[in-house]
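Have a look at target_27.cif below; it lists mmCIF, C-alpha atoms.
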data_upload
#
loop_
_atom_site.label_atom_id
_atom_site.label_comp_id
_atom_site.auth_asym_id
_atom_site.auth_seq_id
_atom_site.Cartn_x
_atom_site.Cartn_y
_atom_site.Cartn_z
CA MET A 1058 -14.13 -58.79 67.66
CA PRO A 1059 -10.58 -58.47 66.27
CA TYR A 1060 -8.00 -58.29 69.04
CA ALA A 1061 -4.26 -58.92 69.03
CA GLN A 1062 -2.67 -60.19 72.23
CA VAL A 1063 0.80 -58.63 72.11
CA ASN A 1064 3.17 -57.11 74.68
CA GLY A 1065 0.81 -58.07 77.49
CA GLN A 1066 -1.96 -56.02 75.84
CA ASN A 1067 -5.22 -56.93 74.16
CA LEU A 1068 -5.21 -54.45 71.28
CA TYR A 1069 -8.41 -53.79 69.38
CA PHE A 1070 -7.89 -53.31 65.65
CA GLU A 1071 -9.71 -53.29 62.34
CA ASP A 1072 -8.07 -54.42 59.10
CA SER A 1073 -9.57 -53.76 55.67
CA GLY A 1074 -7.39 -56.52 54.23
CA GLY A 1075 -6.49 -56.83 50.59
CA ALA A 1076 -3.24 -57.01 48.68
CA GLY A 1077 -2.54 -53.26 48.59
CA PRO A 1078 0.28 -51.53 50.47
CA ALA A 1079 -0.37 -51.36 54.21
CA LEU A 1080 -1.24 -48.17 56.06
CA ILE A 1081 -1.56 -48.19 59.86
CA PHE A 1082 -3.41 -45.31 61.52
CA SER A 1083 -2.68 -44.27 65.13
CA HIS A 1084 -5.15 -41.93 66.84
CA GLY A 1085 -4.76 -38.97 69.17
CA LEU A 1086 -5.27 -38.57 72.91
CA LEU A 1087 -8.90 -39.07 74.02
CA MET A 1088 -9.77 -40.37 70.55
CA ASP A 1089 -9.95 -43.88 69.08
CA SER A 1090 -9.54 -45.70 65.80
CA SER A 1091 -12.85 -44.46 64.46
CA MET A 1092 -11.41 -40.98 63.98
CA PHE A 1093 -9.83 -42.25 60.76
CA ALA A 1094 -13.11 -43.38 59.20
CA PRO A 1095 -12.92 -40.66 56.49
CA GLN A 1096 -9.45 -41.80 55.45
CA VAL A 1097 -10.26 -45.52 55.50
CA ALA A 1098 -13.34 -44.93 53.36
CA ALA A 1099 -11.28 -43.03 50.80
CA LEU A 1100 -8.28 -45.37 50.70
CA LYS A 1101 -9.40 -48.95 51.42
CA SER A 1102 -10.06 -49.82 47.78
CA ARG A 1103 -6.36 -49.39 46.97
CA TYR A 1104 -4.57 -49.82 50.30
CA ARG A 1105 -4.73 -52.20 53.24
CA CYS A 1106 -5.97 -49.91 56.01
CA ILE A 1107 -5.30 -50.92 59.61
CA VAL A 1108 -6.65 -48.89 62.52
CA TRP A 1109 -6.21 -49.68 66.20
CA ASP A 1110 -7.07 -48.48 69.68
CA GLU A 1111 -4.00 -47.60 71.75
CA ARG A 1112 -3.48 -48.34 75.43
CA ALA A 1113 -6.12 -46.73 77.68
CA HIS A 1114 -8.28 -45.82 74.67
CA GLY A 1115 -11.33 -47.16 72.88
CA GLN A 1116 -11.90 -50.89 72.97
CA THR A 1117 -8.35 -51.57 74.14
CA ALA A 1118 -8.98 -49.68 77.40
CA THR A 1119 -9.21 -51.83 80.51
CA GLY A 1120 -10.18 -49.25 83.13
CA ALA A 1121 -6.94 -49.96 84.97
CA CYS A 1122 -4.13 -48.91 82.66
CA ALA A 1123 -0.61 -49.57 83.94
CA PRO A 1124 2.16 -47.00 83.40
CA PHE A 1125 3.49 -46.90 79.83
CA SER A 1126 5.49 -44.70 77.49
CA TYR A 1127 5.12 -43.89 73.82
CA TYR A 1128 8.03 -46.24 73.19
CA ASP A 1129 5.79 -48.99 74.60
CA SER A 1130 3.08 -47.81 72.19
CA ALA A 1131 5.61 -47.88 69.34
CA ASN A 1132 6.40 -51.47 70.28
CA ASP A 1133 2.66 -52.21 70.30
CA LEU A 1134 2.37 -50.89 66.74
CA ALA A 1135 5.31 -53.00 65.59
CA ALA A 1136 3.93 -56.09 67.31
CA LEU A 1137 0.48 -55.55 65.80
CA LEU A 1138 1.98 -55.39 62.31
CA ALA A 1139 3.95 -58.57 62.99
CA HIS A 1140 0.76 -60.23 64.28
CA LEU A 1141 -0.93 -59.34 60.98
CA GLY A 1142 2.03 -60.52 58.88
CA VAL A 1143 2.84 -57.01 57.63
CA GLY A 1144 6.54 -56.47 57.05
CA GLN A 1145 6.42 -52.77 56.25
CA ALA A 1146 3.75 -50.06 56.37
CA VAL A 1147 3.11 -46.36 56.03
CA LEU A 1148 2.56 -45.02 59.54
CA VAL A 1149 -0.20 -42.41 59.78
CA GLY A 1150 -0.38 -40.75 63.19
CA MET A 1151 -2.44 -37.88 64.58
CA SER A 1152 -1.09 -35.99 67.63
CA GLN A 1153 -0.42 -38.76 70.19
CA GLY A 1154 -0.44 -41.20 67.28
CA GLY A 1155 2.32 -39.13 65.74
CA TYR A 1156 4.34 -39.28 68.95
CA LEU A 1157 4.33 -43.07 68.87
CA SER A 1158 4.82 -43.24 65.10
CA LEU A 1159 7.93 -41.06 65.28
CA ARG A 1160 9.31 -43.26 68.05
CA CYS A 1161 8.49 -46.34 66.02
CA ALA A 1162 10.45 -44.89 63.11
CA LEU A 1163 13.42 -44.41 65.45
CA THR A 1164 13.26 -47.82 67.13
CA HIS A 1165 11.83 -50.03 64.36
CA PRO A 1166 13.00 -48.30 61.16
CA GLU A 1167 12.84 -51.49 59.11
CA ILE A 1168 9.03 -51.60 59.25
CA VAL A 1169 8.41 -47.97 58.24
CA ARG A 1170 7.93 -47.23 54.53
CA ALA A 1171 6.86 -43.62 55.07
CA LEU A 1172 5.20 -41.33 57.62
CA VAL A 1173 2.10 -39.16 57.57
CA LEU A 1174 2.16 -36.93 60.66
CA ILE A 1175 -1.06 -35.07 61.40
CA ASP A 1176 -1.18 -32.24 63.94
CA THR A 1177 1.74 -33.57 65.94
CA GLN A 1178 5.23 -32.55 67.07
CA ALA A 1179 8.61 -33.87 68.20
CA LYS A 1180 8.85 -31.66 71.28
CA THR A 1181 7.23 -32.05 74.69
CA GLU A 1182 4.07 -30.22 75.71
CA ASP A 1183 4.21 -26.45 76.04
CA PRO A 1184 4.87 -26.01 79.80
CA ALA A 1185 2.66 -22.91 79.86
CA LYS A 1186 -0.36 -25.07 79.02
CA MET A 1187 0.24 -27.92 81.44
CA PRO A 1188 -1.20 -26.41 84.67
CA ALA A 1189 -4.58 -25.78 83.01
CA TYR A 1190 -4.57 -29.26 81.48
CA GLN A 1191 -3.75 -30.84 84.84
CA ALA A 1192 -6.44 -28.92 86.71
CA MET A 1193 -9.04 -29.88 84.12
CA LEU A 1194 -7.92 -33.51 84.24
CA GLN A 1195 -8.09 -33.77 88.01
CA ASP A 1196 -11.59 -32.31 88.09
CA TRP A 1197 -12.69 -34.72 85.37
CA ALA A 1198 -11.17 -37.76 87.10
CA VAL A 1199 -12.70 -36.90 90.48
CA ASN A 1200 -16.04 -35.37 89.56
CA GLY A 1201 -16.78 -36.70 86.09
CA LEU A 1202 -16.81 -34.82 82.83
CA SER A 1203 -18.49 -31.44 83.29
CA ASP A 1204 -20.19 -29.66 80.42
CA GLN A 1205 -17.61 -26.87 80.66
CA THR A 1206 -14.68 -29.29 80.38
CA ALA A 1207 -16.36 -31.21 77.56
CA THR A 1208 -16.92 -27.99 75.61
CA THR A 1209 -13.29 -26.98 76.13
CA ILE A 1210 -12.04 -30.36 74.89
CA GLU A 1211 -14.37 -30.31 71.91
CA THR A 1212 -13.13 -26.86 70.93
CA VAL A 1213 -9.46 -27.78 71.31
CA ILE A 1214 -9.66 -31.06 69.39
CA LEU A 1215 -12.56 -30.60 66.99
CA GLY A 1216 -12.88 -26.85 66.62
CA GLU A 1217 -15.89 -24.62 67.13
CA GLN A 1218 -19.28 -26.35 66.85
CA TRP A 1219 -18.17 -29.28 64.70
CA PRO A 1220 -21.34 -31.30 63.90
CA GLY A 1221 -19.99 -34.63 65.13
CA ALA A 1222 -18.80 -33.40 68.52
CA ALA A 1223 -21.70 -34.81 70.54
CA GLY A 1224 -20.72 -38.39 69.75
CA TRP A 1225 -17.22 -37.85 71.06
CA ARG A 1226 -18.53 -36.16 74.20
CA GLU A 1227 -20.52 -39.31 74.97
CA LYS A 1228 -17.40 -41.44 74.54
CA TRP A 1229 -15.38 -39.17 76.83
CA LYS A 1230 -18.00 -39.48 79.57
CA LYS A 1231 -17.32 -43.23 79.68
CA THR A 1232 -13.55 -42.89 80.14
CA ALA A 1233 -12.36 -44.60 83.32
CA PRO A 1234 -10.38 -42.34 85.68
CA ALA A 1235 -7.37 -44.71 85.74
CA ASP A 1236 -7.15 -44.73 81.94
CA LEU A 1237 -7.57 -40.97 81.82
CA LEU A 1238 -4.90 -40.26 84.44
CA GLN A 1239 -2.35 -42.62 82.91
CA SER A 1240 -2.95 -41.25 79.41
CA PHE A 1241 -2.17 -37.73 80.58
CA GLN A 1242 0.78 -38.92 82.66
CA THR A 1243 2.27 -40.51 79.54
CA LEU A 1244 1.58 -37.37 77.52
CA GLY A 1245 3.12 -35.02 80.06
CA THR A 1246 6.26 -37.02 80.78
CA ARG A 1247 7.31 -37.94 77.24
CA ASP A 1248 10.80 -37.05 76.07
CA ASP A 1249 11.81 -34.41 73.52
CA ILE A 1250 12.98 -36.19 70.36
CA SER A 1251 13.50 -33.12 68.22
CA ASP A 1252 17.26 -33.73 68.21
CA GLN A 1253 16.77 -37.31 66.96
CA ILE A 1254 14.27 -37.02 64.12
CA GLY A 1255 16.97 -35.99 61.65
CA ARG A 1256 17.76 -39.72 61.52
CA ILE A 1257 14.33 -40.47 60.06
CA ALA A 1258 14.97 -40.40 56.32
CA VAL A 1259 11.79 -42.00 54.97
CA PRO A 1260 9.40 -39.82 52.96
CA THR A 1261 7.25 -37.86 55.39
CA LEU A 1262 4.11 -35.80 54.93
CA VAL A 1263 3.36 -33.33 57.72
CA LEU A 1264 -0.24 -32.12 57.76
CA HIS A 1265 -1.24 -29.43 60.23
CA GLY A 1266 -4.41 -27.46 60.87
CA GLY A 1267 -3.95 -23.77 60.32
CA SER A 1268 -6.07 -23.10 63.42
CA ASP A 1269 -4.60 -25.83 65.64
CA HIS A 1270 -4.32 -24.27 69.11
CA ALA A 1271 -3.27 -27.50 70.85
CA ILE A 1272 -0.02 -27.67 68.86
CA GLU A 1273 0.87 -24.42 67.18
CA LEU A 1274 1.95 -24.48 63.55
CA PRO A 1275 5.57 -23.36 64.23
CA ARG A 1276 6.14 -26.62 66.12
CA ALA A 1277 5.02 -28.65 63.11
CA LYS A 1278 7.19 -26.53 60.83
CA ALA A 1279 10.21 -27.08 63.07
CA MET A 1280 9.58 -30.83 62.96
CA ALA A 1281 9.29 -30.88 59.18
CA ASP A 1282 12.41 -28.74 58.79
CA ALA A 1283 14.40 -31.13 60.98
CA MET A 1284 13.51 -34.20 58.92
CA PRO A 1285 15.52 -34.72 55.73
CA ASN A 1286 12.67 -35.92 53.53
CA ALA A 1287 9.59 -34.13 54.89
CA GLN A 1288 7.07 -31.75 53.38
CA LEU A 1289 4.57 -29.61 55.27
CA ILE A 1290 1.01 -28.91 54.12
CA VAL A 1291 -1.18 -26.55 56.14
CA VAL A 1292 -4.91 -27.32 56.25
CA PRO A 1293 -6.69 -23.94 56.21
CA GLY A 1294 -9.28 -23.44 58.92
CA ALA A 1295 -8.68 -26.81 60.55
CA GLY A 1296 -8.04 -27.32 64.23
CA HIS A 1297 -6.28 -30.19 65.98
CA ALA A 1298 -8.07 -33.20 64.45
CA SER A 1299 -7.78 -31.93 60.89
CA ASN A 1300 -8.16 -35.38 59.31
CA LEU A 1301 -11.54 -35.86 61.01
CA THR A 1302 -13.01 -32.39 60.58
CA HIS A 1303 -11.48 -31.46 57.20
CA PRO A 1304 -11.12 -34.72 55.22
CA GLN A 1305 -11.95 -32.88 51.99
CA ALA A 1306 -8.52 -31.22 52.25
CA VAL A 1307 -6.59 -33.94 54.07
CA ASN A 1308 -7.57 -36.98 51.98
CA PRO A 1309 -6.35 -35.62 48.61
CA ALA A 1310 -3.05 -34.58 50.24
CA ILE A 1311 -2.53 -38.08 51.63
CA GLU A 1312 -3.51 -39.71 48.34
CA SER A 1313 -1.10 -37.51 46.38
CA PHE A 1314 1.70 -38.31 48.82
CA LEU A 1315 1.07 -42.05 48.69
CA ALA A 1316 1.09 -41.93 44.88
CA THR A 1317 4.74 -40.76 45.01
CA LEU A 1318 5.88 -43.85 46.92
CA LYS A 1319 7.23 -47.00 45.32
CA PHE A 1320 5.88 -50.14 46.98
#
Can the structure in the file be given as structure tokens, please?
Amino acid sequence: MPYAQVNGQNLYFEDSGGAGPALIFSHGLLMDSSMFAPQVAALKSRYRCIVWDERAHGQTATGACAPFSYYDSANDLAALLAHLGVGQAVLVGMSQGGYLSLRCALTHPEIVRALVLIDTQAKTEDPAKMPAYQAMLQDWAVNGLSDQTATTIETVILGEQWPGAAGWREKWKKTAPADLLQSFQTLGTRDDISDQIGRIAVPTLVLHGGSDHAIELPRAKAMADAMPNAQLIVVPGAGHASNLTHPQAVNPAIESFLATLKF
């Protein structure tokens, strides 16, 4: 199994290899690297596609995650690229993966060729939503994942009755309480970087589901407007994980964006 021991972590990753320009994909909260399978399948013949499981997620999870911030995750991304001998990459991040990718662009600008930000934002969580999230989380951590909570999460992340939802529900049932609690603690306590992203001048593609109720479209638009070299594309009918549920719209947009870059 491919693991990188960096920053005191044992990060699981997959690397398609090859001589093409490098793309590194960072997943969202409660997801893992497999959520980018549609993009890797479409791009790996021309690009070096690297996916990884972040702290407390997937095959990197230990069941006893220590406190961390998205700046720590940004450092993990940079260290993973260094471990693989990649000097510069396009950072593709969905939701939480976008949070860490933006922070990586601020703290490690030399390694970032461009950004693809999928259903993410520069602000903190909407405070009106946090009490419901916290109540759901506590019940899950103490009592296990109920069918009601699982259905709510599926709807928020994957949309209504997405065919592949059952597989993710099974993964969520196996999440250790310590990993779950720390993941949400990191999410809820992150800083607002909306006043800093104007310093990120690399080409940036912002993709956002038109029906994303986890992060409303105006937040993505505000992020794109604040970045000097960003463009926003709305994915009609898509929810929060638009790259996973609507690859037929997302993949061509990413491919067209990558074709504009000089490597």
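One finds atom CA of A:Leu1215 at 12.9 Å from atom CA of A:Gly1267.
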Which residues match the PyMOL selection byres ((chain A and resi 1106-1121) around 9) in the file above, as an mmCIF file with C-alpha atoms, in the frame of the given file?
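Printed below is selection.cif as written:
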data_model
loop_
_atom_site.group_PDB
_atom_site.id
_atom_site.type_symbol
_atom_site.label_atom_id
_atom_site.label_comp_id
_atom_site.auth_asym_id
_atom_site.auth_seq_id
_atom_site.Cartn_x
_atom_site.Cartn_y
_atom_site.Cartn_z
ATOM 1 C CA TYR A 1060 -8.000 -58.290 69.040
ATOM 2 C CA GLN A 1066 -1.960 -56.020 75.840
ATOM 3 C CA ASN A 1067 -5.220 -56.930 74.160
ATOM 4 C CA LEU A 1068 -5.210 -54.450 71.280
ATOM 5 C CA TYR A 1069 -8.410 -53.790 69.380
ATOM 6 C CA PHE A 1070 -7.890 -53.310 65.650
ATOM 7 C CA GLU A 1071 -9.710 -53.290 62.340
ATOM 8 C CA ASP A 1072 -8.070 -54.420 59.100
ATOM 9 C CA SER A 1073 -9.570 -53.760 55.670
ATOM 10 C CA GLY A 1074 -7.390 -56.520 54.230
ATOM 11 C CA GLY A 1075 -6.490 -56.830 50.590
ATOM 12 C CA GLY A 1077 -2.540 -53.260 48.590
ATOM 13 C CA PRO A 1078 0.280 -51.530 50.470
ATOM 14 C CA ALA A 1079 -0.370 -51.360 54.210
ATOM 15 C CA LEU A 1080 -1.240 -48.170 56.060
ATOM 16 C CA ILE A 1081 -1.560 -48.190 59.860
ATOM 17 C CA PHE A 1082 -3.410 -45.310 61.520
ATOM 18 C CA SER A 1083 -2.680 -44.270 65.130
ATOM 19 C CA HIS A 1084 -5.150 -41.930 66.840
ATOM 20 C CA LEU A 1086 -5.270 -38.570 72.910
ATOM 21 C CA LEU A 1087 -8.900 -39.070 74.020
ATOM 22 C CA MET A 1088 -9.770 -40.370 70.550
ATOM 23 C CA ASP A 1089 -9.950 -43.880 69.080
ATOM 24 C CA SER A 1090 -9.540 -45.700 65.800
ATOM 25 C CA SER A 1091 -12.850 -44.460 64.460
ATOM 26 C CA PHE A 1093 -9.830 -42.250 60.760
ATOM 27 C CA GLN A 1096 -9.450 -41.800 55.450
ATOM 28 C CA VAL A 1097 -10.260 -45.520 55.500
ATOM 29 C CA LEU A 1100 -8.280 -45.370 50.700
ATOM 30 C CA LYS A 1101 -9.400 -48.950 51.420
ATOM 31 C CA TYR A 1104 -4.570 -49.820 50.300
ATOM 32 C CA ARG A 1105 -4.730 -52.200 53.240
ATOM 33 C CA CYS A 1122 -4.130 -48.910 82.660
ATOM 34 C CA ALA A 1123 -0.610 -49.570 83.940
ATOM 35 C CA PHE A 1125 3.490 -46.900 79.830
ATOM 36 C CA SER A 1130 3.080 -47.810 72.190
ATOM 37 C CA ASP A 1133 2.660 -52.210 70.300
ATOM 38 C CA LEU A 1134 2.370 -50.890 66.740
ATOM 39 C CA LEU A 1137 0.480 -55.550 65.800
ATOM 40 C CA LEU A 1138 1.980 -55.390 62.310
ATOM 41 C CA GLY A 1154 -0.440 -41.200 67.280
ATOM 42 C CA LYS A 1228 -17.400 -41.440 74.540
ATOM 43 C CA THR A 1232 -13.550 -42.890 80.140
ATOM 44 C CA ALA A 1233 -12.360 -44.600 83.320
ATOM 45 C CA PRO A 1234 -10.380 -42.340 85.680
ATOM 46 C CA ALA A 1235 -7.370 -44.710 85.740
ATOM 47 C CA ASP A 1236 -7.150 -44.730 81.940
ATOM 48 C CA LEU A 1237 -7.570 -40.970 81.820
ATOM 49 C CA GLN A 1239 -2.350 -42.620 82.910
ATOM 50 C CA SER A 1240 -2.950 -41.250 79.410
#
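Residue membership of the PyMOL selection byres ((chain A and resi 1268-1272) around 8) in the shown file amounts to Asp1176, Thr1177, Gln1178, Val1213, Ile1214, His1265, Gly1266, Gly1267, Glu1273, Leu1274, Arg1276, Ala1277, Pro1293, Gly1294, Ala1295, Gly1296 and His1297 of chain A.
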So that I have them on file, write out the residues from the current selection with C-alpha atoms, as an mmCIF file, keeping the file's coordinate frame.
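That gives us result.cif:
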data_model
loop_
_atom_site.group_PDB
_atom_site.id
_atom_site.type_symbol
_atom_site.label_atom_id
_atom_site.label_comp_id
_atom_site.auth_asym_id
_atom_site.auth_seq_id
_atom_site.Cartn_x
_atom_site.Cartn_y
_atom_site.Cartn_z
ATOM 1 C CA ASP A 1176 -1.180 -32.240 63.940
ATOM 2 C CA THR A 1177 1.740 -33.570 65.940
ATOM 3 C CA GLN A 1178 5.230 -32.550 67.070
ATOM 4 C CA VAL A 1213 -9.460 -27.780 71.310
ATOM 5 C CA ILE A 1214 -9.660 -31.060 69.390
ATOM 6 C CA HIS A 1265 -1.240 -29.430 60.230
ATOM 7 C CA GLY A 1266 -4.410 -27.460 60.870
ATOM 8 C CA GLY A 1267 -3.950 -23.770 60.320
ATOM 9 C CA GLU A 1273 0.870 -24.420 67.180
ATOM 10 C CA LEU A 1274 1.950 -24.480 63.550
ATOM 11 C CA ARG A 1276 6.140 -26.620 66.120
ATOM 12 C CA ALA A 1277 5.020 -28.650 63.110
ATOM 13 C CA PRO A 1293 -6.690 -23.940 56.210
ATOM 14 C CA GLY A 1294 -9.280 -23.440 58.920
ATOM 15 C CA ALA A 1295 -8.680 -26.810 60.550
ATOM 16 C CA GLY A 1296 -8.040 -27.320 64.230
ATOM 17 C CA HIS A 1297 -6.280 -30.190 65.980
#
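Proximity to A:Trp1219 was assessed for A:Ala1198, A:Leu1315, A:Leu1174, A:Ala1298 counting only C-alpha atoms; the smallest distance is recorded for A:Ala1298.
Closest approach to A:His1140 among A:Thr1243, A:Leu1163, A:Val1063, A:Thr1208 is made by A:Val1063 (distances from only C-alpha atoms).
For the choices A:Gly1221, A:Pro1275, A:Gly1144, A:Pro1285, the atom-to-atom distance to A:Gly1255 is smallest for A:Pro1285 when using only C-alpha atoms.
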>> For a test of reading the model, state the distance in Å between atom CA of A:Asp1248 and atom CA of A:Lys1180, rounded to one decimal.
In response: 7.5 Å
>> Assuming the chain letters and numbering stay as they are in my file, what does the PyMOL selection byres ((chain A and resi 1209) around 12) actually select? List them as a PyMOL selection string.
In response: chain A and resi 1189-1190+1193-1194+1202-1208+1210-1218+1222+1226+1270-1271
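Coordinates place atom CA of A:Asp1183 at a distance of 27.2 Å from atom CA of A:Ala1171.
Distances here use all atoms listed in the file; by that measure, the residue among A:Leu1238, A:Ala1135, A:Gln1153, A:Gln1305 closest to A:Asp1196 is A:Leu1238.
Compared by their closest atoms to A:Tyr1128, and using all atoms listed in the file, the residues A:His1165, A:Arg1160, A:Arg1103, A:Arg1247 rank with A:Arg1160 nearest.
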For stretch 1089-1097 of chain A, what centre and edge lengths in Å (one decimal) does the axis-aligned box get once 4 Å is added on each side of all its listed atoms, as AutoDock Vina command-line options?
--center_x -11.3 --center_y -43.2 --center_z 62.3 --size_x 11.7 --size_y 13.0 --size_z 21.6
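Each of A:Ser1251, A:Asn1286, A:Gln1145, A:Ser1152 was compared to A:Leu1264 using only C-alpha atoms, and A:Ser1152 turns out to be the nearest.
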>> Which polymer residues, whether protein, DNA or RNA, lie within 12 Å of the coordinate (0.7, -37.8, 51.3) when you count only C-alpha atoms? List them as a count of residues only, using the chain letters and numbers from the file.
In response: 33
